[in-house]
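File shown: my_file.txt. Contents: compact mmCIF, N, CA and C atoms.
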```txt
# COMPACT_ATOMS: atom_id res chain seq x y z
N MET A 1 97.64 108.46 115.89
CA MET A 1 97.76 107.54 114.76
C MET A 1 97.27 106.17 115.20
N ASP A 2 96.43 105.56 114.38
CA ASP A 2 95.84 104.26 114.69
C ASP A 2 96.76 103.09 114.35
N TRP A 3 97.79 103.33 113.59
CA TRP A 3 98.66 102.27 113.11
C TRP A 3 99.48 101.68 114.25
N LYS A 4 99.39 100.37 114.41
CA LYS A 4 100.18 99.67 115.43
C LYS A 4 100.64 98.35 114.81
N PRO A 5 101.80 98.37 114.11
CA PRO A 5 102.28 97.16 113.44
C PRO A 5 102.66 96.07 114.45
N GLU A 6 102.68 94.83 113.96
CA GLU A 6 103.01 93.69 114.82
C GLU A 6 104.45 93.74 115.32
N LYS A 7 105.36 94.17 114.43
CA LYS A 7 106.76 94.30 114.83
C LYS A 7 107.20 95.74 114.59
N PRO A 8 108.23 96.19 115.29
CA PRO A 8 108.67 97.57 115.09
C PRO A 8 109.03 97.84 113.63
N PRO A 9 108.46 98.88 113.05
CA PRO A 9 108.72 99.18 111.64
C PRO A 9 110.07 99.87 111.44
N THR A 10 110.57 99.79 110.22
CA THR A 10 111.78 100.51 109.84
C THR A 10 111.41 101.95 109.49
N ALA A 11 112.42 102.78 109.36
CA ALA A 11 112.18 104.17 108.95
C ALA A 11 111.53 104.20 107.57
N LYS A 12 111.96 103.31 106.69
CA LYS A 12 111.39 103.25 105.34
C LYS A 12 109.90 102.90 105.40
N GLU A 13 109.53 101.97 106.27
CA GLU A 13 108.13 101.59 106.41
C GLU A 13 107.29 102.72 107.01
N ILE A 14 107.87 103.42 107.97
CA ILE A 14 107.16 104.56 108.58
C ILE A 14 106.93 105.65 107.53
N ALA A 15 107.98 105.95 106.76
CA ALA A 15 107.86 106.97 105.72
C ALA A 15 106.80 106.57 104.69
N ALA A 16 106.79 105.29 104.30
CA ALA A 16 105.80 104.80 103.33
C ALA A 16 104.39 104.96 103.87
N LYS A 17 104.21 104.66 105.15
CA LYS A 17 102.88 104.79 105.78
C LYS A 17 102.41 106.25 105.74
N PHE A 18 103.32 107.19 106.04
CA PHE A 18 102.93 108.60 106.01
C PHE A 18 102.73 109.10 104.59
N ARG A 19 103.54 108.61 103.63
CA ARG A 19 103.31 108.98 102.21
C ARG A 19 101.90 108.61 101.82
N ASP A 20 101.49 107.39 102.20
CA ASP A 20 100.15 106.92 101.87
C ASP A 20 99.09 107.78 102.56
N SER A 21 99.31 108.09 103.82
CA SER A 21 98.34 108.91 104.57
C SER A 21 98.22 110.31 103.97
N ILE A 22 99.36 110.87 103.56
CA ILE A 22 99.33 112.19 102.93
C ILE A 22 98.60 112.10 101.59
N ALA A 23 98.88 111.04 100.83
CA ALA A 23 98.22 110.86 99.52
C ALA A 23 96.72 110.73 99.68
N ARG A 24 96.27 110.09 100.75
CA ARG A 24 94.83 109.92 100.98
C ARG A 24 94.20 111.14 101.63
N GLY A 25 95.00 112.15 101.94
CA GLY A 25 94.46 113.38 102.53
C GLY A 25 94.26 113.33 104.03
N VAL A 26 94.78 112.29 104.67
CA VAL A 26 94.67 112.21 106.13
C VAL A 26 95.40 113.40 106.77
N TYR A 27 96.53 113.77 106.17
CA TYR A 27 97.29 114.94 106.61
C TYR A 27 97.26 115.96 105.47
N PRO A 28 96.41 116.96 105.56
CA PRO A 28 96.27 117.96 104.49
C PRO A 28 97.44 118.95 104.51
N PRO A 29 97.57 119.78 103.47
CA PRO A 29 98.60 120.81 103.48
C PRO A 29 98.52 121.65 104.76
N GLY A 30 99.66 121.82 105.40
CA GLY A 30 99.70 122.56 106.65
C GLY A 30 99.43 121.70 107.87
N GLY A 31 98.95 120.47 107.65
CA GLY A 31 98.66 119.57 108.76
C GLY A 31 99.94 119.09 109.44
N GLN A 32 99.83 118.88 110.73
CA GLN A 32 101.00 118.46 111.52
C GLN A 32 101.03 116.95 111.68
N LEU A 33 102.22 116.37 111.47
CA LEU A 33 102.41 114.95 111.71
C LEU A 33 102.55 114.73 113.21
N PRO A 34 102.34 113.50 113.68
CA PRO A 34 102.52 113.23 115.11
C PRO A 34 103.93 113.58 115.58
N GLY A 35 104.04 113.98 116.83
CA GLY A 35 105.35 114.28 117.39
C GLY A 35 106.25 113.05 117.33
N ALA A 36 107.52 113.26 117.02
CA ALA A 36 108.46 112.16 116.81
C ALA A 36 108.64 111.31 118.06
N LYS A 37 108.74 111.94 119.22
CA LYS A 37 108.95 111.18 120.46
C LYS A 37 107.75 110.29 120.77
N GLY A 38 106.56 110.86 120.70
CA GLY A 38 105.36 110.09 120.98
C GLY A 38 105.14 108.97 119.98
N LEU A 39 105.42 109.25 118.70
CA LEU A 39 105.27 108.24 117.66
C LEU A 39 106.26 107.11 117.86
N ALA A 40 107.50 107.46 118.20
CA ALA A 40 108.52 106.43 118.45
C ALA A 40 108.07 105.51 119.58
N LYS A 41 107.56 106.08 120.63
CA LYS A 41 107.09 105.28 121.77
C LYS A 41 105.92 104.40 121.34
N HIS A 42 104.97 104.97 120.61
CA HIS A 42 103.77 104.24 120.16
C HIS A 42 104.15 103.06 119.28
N LEU A 43 105.15 103.26 118.40
CA LEU A 43 105.55 102.21 117.45
C LEU A 43 106.60 101.26 118.02
N GLY A 44 107.16 101.60 119.16
CA GLY A 44 108.18 100.75 119.77
C GLY A 44 109.51 100.82 119.03
N VAL A 45 109.83 102.00 118.52
CA VAL A 45 111.09 102.21 117.81
C VAL A 45 111.86 103.35 118.46
N GLY A 46 113.11 103.50 118.06
CA GLY A 46 113.92 104.59 118.57
C GLY A 46 113.52 105.91 117.93
N LEU A 47 113.80 106.98 118.63
CA LEU A 47 113.51 108.32 118.12
C LEU A 47 114.21 108.56 116.78
N MET A 48 115.44 108.07 116.65
CA MET A 48 116.20 108.25 115.41
C MET A 48 115.48 107.61 114.22
N THR A 49 114.76 106.52 114.44
CA THR A 49 114.04 105.85 113.37
C THR A 49 112.93 106.76 112.83
N VAL A 50 112.18 107.36 113.72
CA VAL A 50 111.11 108.28 113.30
C VAL A 50 111.71 109.52 112.64
N GLN A 51 112.78 110.04 113.22
CA GLN A 51 113.42 111.22 112.63
C GLN A 51 113.94 110.91 111.23
N SER A 52 114.45 109.70 111.04
CA SER A 52 114.92 109.29 109.71
C SER A 52 113.75 109.21 108.73
N ALA A 53 112.62 108.69 109.18
CA ALA A 53 111.42 108.61 108.33
C ALA A 53 110.96 110.00 107.94
N TYR A 54 110.93 110.92 108.89
CA TYR A 54 110.50 112.29 108.61
C TYR A 54 111.50 112.97 107.66
N LYS A 55 112.78 112.64 107.80
CA LYS A 55 113.79 113.20 106.90
C LYS A 55 113.54 112.72 105.47
N GLN A 56 113.19 111.44 105.32
CA GLN A 56 112.87 110.90 103.99
C GLN A 56 111.69 111.66 103.38
N LEU A 57 110.68 111.92 104.18
CA LEU A 57 109.51 112.65 103.69
C LEU A 57 109.89 114.08 103.29
N ALA A 58 110.78 114.69 104.06
CA ALA A 58 111.24 116.05 103.73
C ALA A 58 112.03 116.03 102.42
N GLU A 59 112.87 115.01 102.25
CA GLU A 59 113.65 114.89 101.01
C GLU A 59 112.74 114.65 99.80
N ASP A 60 111.60 114.03 100.04
CA ASP A 60 110.61 113.81 98.97
C ASP A 60 109.82 115.09 98.66
N GLY A 61 110.00 116.11 99.49
CA GLY A 61 109.29 117.36 99.27
C GLY A 61 107.86 117.35 99.81
N LEU A 62 107.60 116.46 100.77
CA LEU A 62 106.24 116.34 101.30
C LEU A 62 106.04 117.11 102.60
N VAL A 63 107.08 117.22 103.41
CA VAL A 63 106.94 117.85 104.72
C VAL A 63 108.12 118.78 104.99
N PHE A 64 107.99 119.56 106.03
CA PHE A 64 109.10 120.37 106.52
C PHE A 64 109.01 120.39 108.04
N GLY A 65 110.14 120.56 108.67
CA GLY A 65 110.18 120.61 110.13
C GLY A 65 110.40 122.02 110.62
N ARG A 66 109.74 122.33 111.73
CA ARG A 66 109.97 123.60 112.43
C ARG A 66 110.59 123.26 113.77
N GLN A 67 111.81 123.74 113.99
CA GLN A 67 112.53 123.44 115.23
C GLN A 67 111.65 123.74 116.45
N GLY A 68 111.46 122.72 117.27
CA GLY A 68 110.69 122.89 118.50
C GLY A 68 109.18 122.92 118.31
N SER A 69 108.72 122.84 117.08
CA SER A 69 107.28 122.94 116.82
C SER A 69 106.71 121.65 116.24
N GLY A 70 107.45 121.00 115.34
CA GLY A 70 106.95 119.76 114.76
C GLY A 70 107.23 119.65 113.28
N THR A 71 106.59 118.67 112.68
CA THR A 71 106.74 118.39 111.25
C THR A 71 105.39 118.59 110.59
N TYR A 72 105.39 119.34 109.48
CA TYR A 72 104.15 119.74 108.83
C TYR A 72 104.15 119.37 107.35
N VAL A 73 102.97 119.07 106.83
CA VAL A 73 102.81 118.80 105.40
C VAL A 73 102.96 120.12 104.66
N LEU A 74 103.75 120.09 103.61
CA LEU A 74 103.99 121.31 102.84
C LEU A 74 102.70 121.85 102.24
N ASP A 75 102.56 123.15 102.32
CA ASP A 75 101.47 123.86 101.67
C ASP A 75 102.10 124.51 100.44
N PRO A 76 101.87 123.95 99.25
CA PRO A 76 102.62 124.38 98.07
C PRO A 76 102.31 125.81 97.65
N LYS A 77 103.30 126.36 96.96
CA LYS A 77 103.09 127.66 96.33
C LYS A 77 102.15 127.47 95.15
N LYS A 78 101.55 128.53 94.71
CA LYS A 78 100.63 128.45 93.58
C LYS A 78 101.33 127.84 92.38
N GLY A 79 100.70 126.83 91.80
CA GLY A 79 101.24 126.16 90.63
C GLY A 79 102.08 124.93 90.95
N ASP A 80 102.56 124.83 92.18
CA ASP A 80 103.33 123.64 92.57
C ASP A 80 102.37 122.52 92.97
N PRO A 81 102.79 121.27 92.79
CA PRO A 81 101.93 120.17 93.22
C PRO A 81 101.80 120.16 94.74
N THR A 82 100.67 119.72 95.21
CA THR A 82 100.47 119.59 96.65
C THR A 82 101.23 118.37 97.15
N ALA A 83 101.40 118.30 98.45
CA ALA A 83 102.04 117.12 99.04
C ALA A 83 101.24 115.87 98.71
N GLN A 84 99.92 116.01 98.67
CA GLN A 84 99.07 114.87 98.34
C GLN A 84 99.34 114.41 96.91
N GLN A 85 99.44 115.35 95.97
CA GLN A 85 99.72 114.99 94.58
C GLN A 85 101.11 114.37 94.45
N THR A 86 102.08 114.92 95.16
CA THR A 86 103.43 114.38 95.12
C THR A 86 103.46 112.97 95.70
N ALA A 87 102.76 112.77 96.82
CA ALA A 87 102.72 111.44 97.45
C ALA A 87 102.04 110.43 96.52
N LEU A 88 100.97 110.85 95.86
CA LEU A 88 100.30 109.96 94.91
C LEU A 88 101.25 109.59 93.77
N GLY A 89 101.99 110.58 93.28
CA GLY A 89 102.96 110.31 92.22
C GLY A 89 104.04 109.35 92.67
N LEU A 90 104.52 109.53 93.89
CA LEU A 90 105.54 108.62 94.42
C LEU A 90 104.97 107.21 94.57
N ARG A 91 103.73 107.12 95.01
CA ARG A 91 103.11 105.80 95.18
C ARG A 91 102.95 105.13 93.82
N GLU A 92 102.56 105.90 92.80
CA GLU A 92 102.43 105.34 91.45
C GLU A 92 103.78 104.87 90.92
N LEU A 93 104.83 105.67 91.16
CA LEU A 93 106.17 105.27 90.74
C LEU A 93 106.61 103.99 91.44
N GLN A 94 106.29 103.88 92.72
CA GLN A 94 106.64 102.69 93.48
C GLN A 94 105.91 101.47 92.91
N ASP A 95 104.64 101.62 92.57
CA ASP A 95 103.88 100.53 91.98
C ASP A 95 104.47 100.12 90.63
N GLN A 96 104.86 101.11 89.82
CA GLN A 96 105.45 100.82 88.52
C GLN A 96 106.80 100.12 88.68
N LEU A 97 107.58 100.56 89.64
CA LEU A 97 108.88 99.94 89.89
C LEU A 97 108.71 98.49 90.33
N THR A 98 107.72 98.23 91.16
CA THR A 98 107.44 96.87 91.60
C THR A 98 107.06 96.00 90.40
N HIS A 99 106.25 96.53 89.51
CA HIS A 99 105.83 95.80 88.31
C HIS A 99 107.02 95.50 87.40
N VAL A 100 107.85 96.50 87.17
CA VAL A 100 109.02 96.32 86.30
C VAL A 100 109.99 95.31 86.92
N THR A 101 110.19 95.39 88.21
CA THR A 101 111.07 94.45 88.90
C THR A 101 110.55 93.03 88.75
N SER A 102 109.25 92.86 88.87
CA SER A 102 108.64 91.54 88.70
C SER A 102 108.85 91.02 87.28
N GLN A 103 108.66 91.90 86.30
CA GLN A 103 108.86 91.49 84.90
C GLN A 103 110.31 91.11 84.64
N LEU A 104 111.25 91.86 85.20
CA LEU A 104 112.67 91.53 85.02
C LEU A 104 113.00 90.19 85.65
N SER A 105 112.42 89.91 86.79
CA SER A 105 112.65 88.63 87.45
C SER A 105 112.13 87.48 86.59
N GLU A 106 110.94 87.67 86.01
CA GLU A 106 110.37 86.63 85.13
C GLU A 106 111.25 86.43 83.90
N LEU A 107 111.76 87.51 83.33
CA LEU A 107 112.64 87.40 82.16
C LEU A 107 113.94 86.68 82.52
N ARG A 108 114.49 87.01 83.67
CA ARG A 108 115.72 86.35 84.12
C ARG A 108 115.49 84.85 84.27
N ASP A 109 114.39 84.47 84.88
CA ASP A 109 114.06 83.05 85.04
C ASP A 109 113.91 82.36 83.69
N ARG A 110 113.27 83.03 82.76
CA ARG A 110 113.07 82.46 81.42
C ARG A 110 114.40 82.27 80.70
N ILE A 111 115.26 83.25 80.79
CA ILE A 111 116.58 83.14 80.17
C ILE A 111 117.38 81.99 80.78
N GLU A 112 117.32 81.86 82.09
CA GLU A 112 118.04 80.77 82.76
C GLU A 112 117.51 79.41 82.29
N ARG A 113 116.18 79.30 82.13
CA ARG A 113 115.61 78.04 81.65
C ARG A 113 116.06 77.75 80.22
N LEU A 114 116.01 78.77 79.37
CA LEU A 114 116.42 78.60 77.96
C LEU A 114 117.90 78.23 77.86
N GLU A 115 118.75 78.85 78.66
CA GLU A 115 120.17 78.53 78.64
C GLU A 115 120.42 77.11 79.13
N ALA A 116 119.66 76.69 80.13
CA ALA A 116 119.80 75.32 80.64
C ALA A 116 119.38 74.31 79.58
N GLU A 117 118.28 74.59 78.88
CA GLU A 117 117.83 73.69 77.80
C GLU A 117 118.87 73.63 76.69
N ARG A 118 119.41 74.77 76.36
CA ARG A 118 120.40 74.84 75.28
C ARG A 118 121.66 74.05 75.63
N SER A 119 122.07 74.14 76.88
CA SER A 119 123.29 73.42 77.27
C SER A 119 123.08 71.92 77.34
N ARG A 120 121.84 71.46 77.48
CA ARG A 120 121.54 70.03 77.54
C ARG A 120 121.45 69.42 76.14
N ARG A 121 121.20 70.24 75.11
CA ARG A 121 121.09 69.73 73.74
C ARG A 121 122.47 69.43 73.17
N PRO A 122 122.57 68.35 72.39
CA PRO A 122 123.84 68.11 71.72
C PRO A 122 124.08 69.21 70.69
N ASP A 123 125.34 69.51 70.46
CA ASP A 123 125.68 70.57 69.49
C ASP A 123 125.28 70.10 68.11
N GLU A 124 124.38 70.85 67.46
CA GLU A 124 123.84 70.43 66.16
C GLU A 124 124.81 70.71 65.03
N ASN A 125 125.88 71.46 65.28
CA ASN A 125 126.83 71.79 64.24
C ASN A 125 127.98 70.80 64.13
N GLN A 126 128.05 69.79 64.99
CA GLN A 126 129.16 68.84 64.95
C GLN A 126 128.88 67.70 64.02
```
Write-out of the structure in structure tokens:
Amino acid sequence: MDWKPEKPPTAKEIAAKFRDSIARGVYPPGGQLPGAKGLAKHLGVGLMTVQSAYKQLAEDGLVFGRQGSGTYVLDPKKGDPTAQQTALGLRELQDQLTHVTSQLSELRDRIERLEAERSRRPDENQ
């Protein structure tokens, strides 16, 4: 793996990086992810961090682990979405969530401004 972040990544960041790589086809169905021990050393993180990232990917339905063999990208059954399609869908959902969160933040700010203006006005009903 060519990725070498400036600071040690979190499990969430590692999982996101692999989701993106799977979505781009870097790891095709049946492809093996880097060994957890070697990846942990390369990234400067603990083994548990990489194992947690791989667990997140497994929970997303993108990979599966074989005891003593490694972690592999799921090769879907006929009619099921591929890991690449699932990863793309997750990435799209993440982008949409980021957009919605941004819009909610803007709305909250606008409401706070309107409430502040309202409280500064004299009561027109008195």
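Using all atoms listed in the file, the residues found no farther than 6 Å from Ala23 in chain A, other than those of its own chain fewer than 6 positions away, are Ala83, Gln84, Gln85, Ala87 and Leu88 of chain A.
Relative to atom N of Leu57 in chain A, CA of Phe18 in chain A is found at 8.6 Å.
In this model, the gap between atom N of Ser119 in chain A and CA of Leu104 in chain A comes to 21.4 Å.
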DSSP alpha helix (DSSP H) selection over chain A, as a count of residues only: 72
Give the answer as one residue: which of A:Asp60, A:Pro9, A:Tyr72, A:Arg19 has the shortest atom-to-atom distance to Gly44 in chain A, using only N, CA and C atoms? A:Pro9
Selected residue of minimal separation from Gly70 in chain A among A:Gln103, A:Ser52, A:Leu33, A:Ile14, counting all atoms listed in the file: A:Leu33
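Atom C of Ser102 in chain A is positioned 24.2 Å from atom C of Arg118 in chain A.
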7 Å contact set for Asp75 in chain A, only N, CA and C atoms, chain neighbours under 4 positions out, as a VMD selection string: chain A and resid 28 to 31 62 82 to 83
Picked from chain A by DSSP as strand (DSSP E), as a PyMOL selection string: chain A and resi 63-66+70-73
Within 8 Å of Thr49 in chain A, counting only N, CA and C atoms, which residues qualify if same-chain residues fewer than 6 places away don't, as a PDB file with N, CA and C atoms, keeping the file's coordinate frame?
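Listing of result03.pdb after writing:
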```pdb
ATOM      1  N   PRO A   9     108.460  98.880 113.050  1.00  0.00           N
ATOM      2  CA  PRO A   9     108.720  99.180 111.640  1.00  0.00           C
ATOM      3  C   PRO A   9     110.070  99.870 111.440  1.00  0.00           C
ATOM      4  N   THR A  10     110.570  99.790 110.220  1.00  0.00           N
ATOM      5  CA  THR A  10     111.780 100.510 109.840  1.00  0.00           C
ATOM      6  C   THR A  10     111.410 101.950 109.490  1.00  0.00           C
ATOM      7  N   ALA A  11     112.420 102.780 109.360  1.00  0.00           N
ATOM      8  CA  ALA A  11     112.180 104.170 108.950  1.00  0.00           C
ATOM      9  C   ALA A  11     111.530 104.200 107.570  1.00  0.00           C
ATOM     10  N   LYS A  12     111.960 103.310 106.690  1.00  0.00           N
ATOM     11  CA  LYS A  12     111.390 103.250 105.340  1.00  0.00           C
ATOM     12  C   LYS A  12     109.900 102.900 105.400  1.00  0.00           C
ATOM     13  N   ILE A  14     107.870 103.420 107.970  1.00  0.00           N
ATOM     14  CA  ILE A  14     107.160 104.560 108.580  1.00  0.00           C
ATOM     15  C   ILE A  14     106.930 105.650 107.530  1.00  0.00           C
ATOM     16  N   ALA A  15     107.980 105.950 106.760  1.00  0.00           N
ATOM     17  CA  ALA A  15     107.860 106.970 105.720  1.00  0.00           C
ATOM     18  C   ALA A  15     106.800 106.570 104.690  1.00  0.00           C
ATOM     19  N   ALA A  40     107.500 107.460 118.200  1.00  0.00           N
ATOM     20  CA  ALA A  40     108.520 106.430 118.450  1.00  0.00           C
ATOM     21  C   ALA A  40     108.070 105.510 119.580  1.00  0.00           C
ATOM     22  N   LYS A  55     112.780 112.640 107.800  1.00  0.00           N
ATOM     23  CA  LYS A  55     113.790 113.200 106.900  1.00  0.00           C
ATOM     24  C   LYS A  55     113.540 112.720 105.470  1.00  0.00           C
TER      25      LYS A  55
END
```
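Here the question is which of A:Leu74, A:Arg66, A:Asp20, A:Ala53 gets nearest to Arg91 in chain A using all atoms listed in the file, and that residue is A:Asp20.
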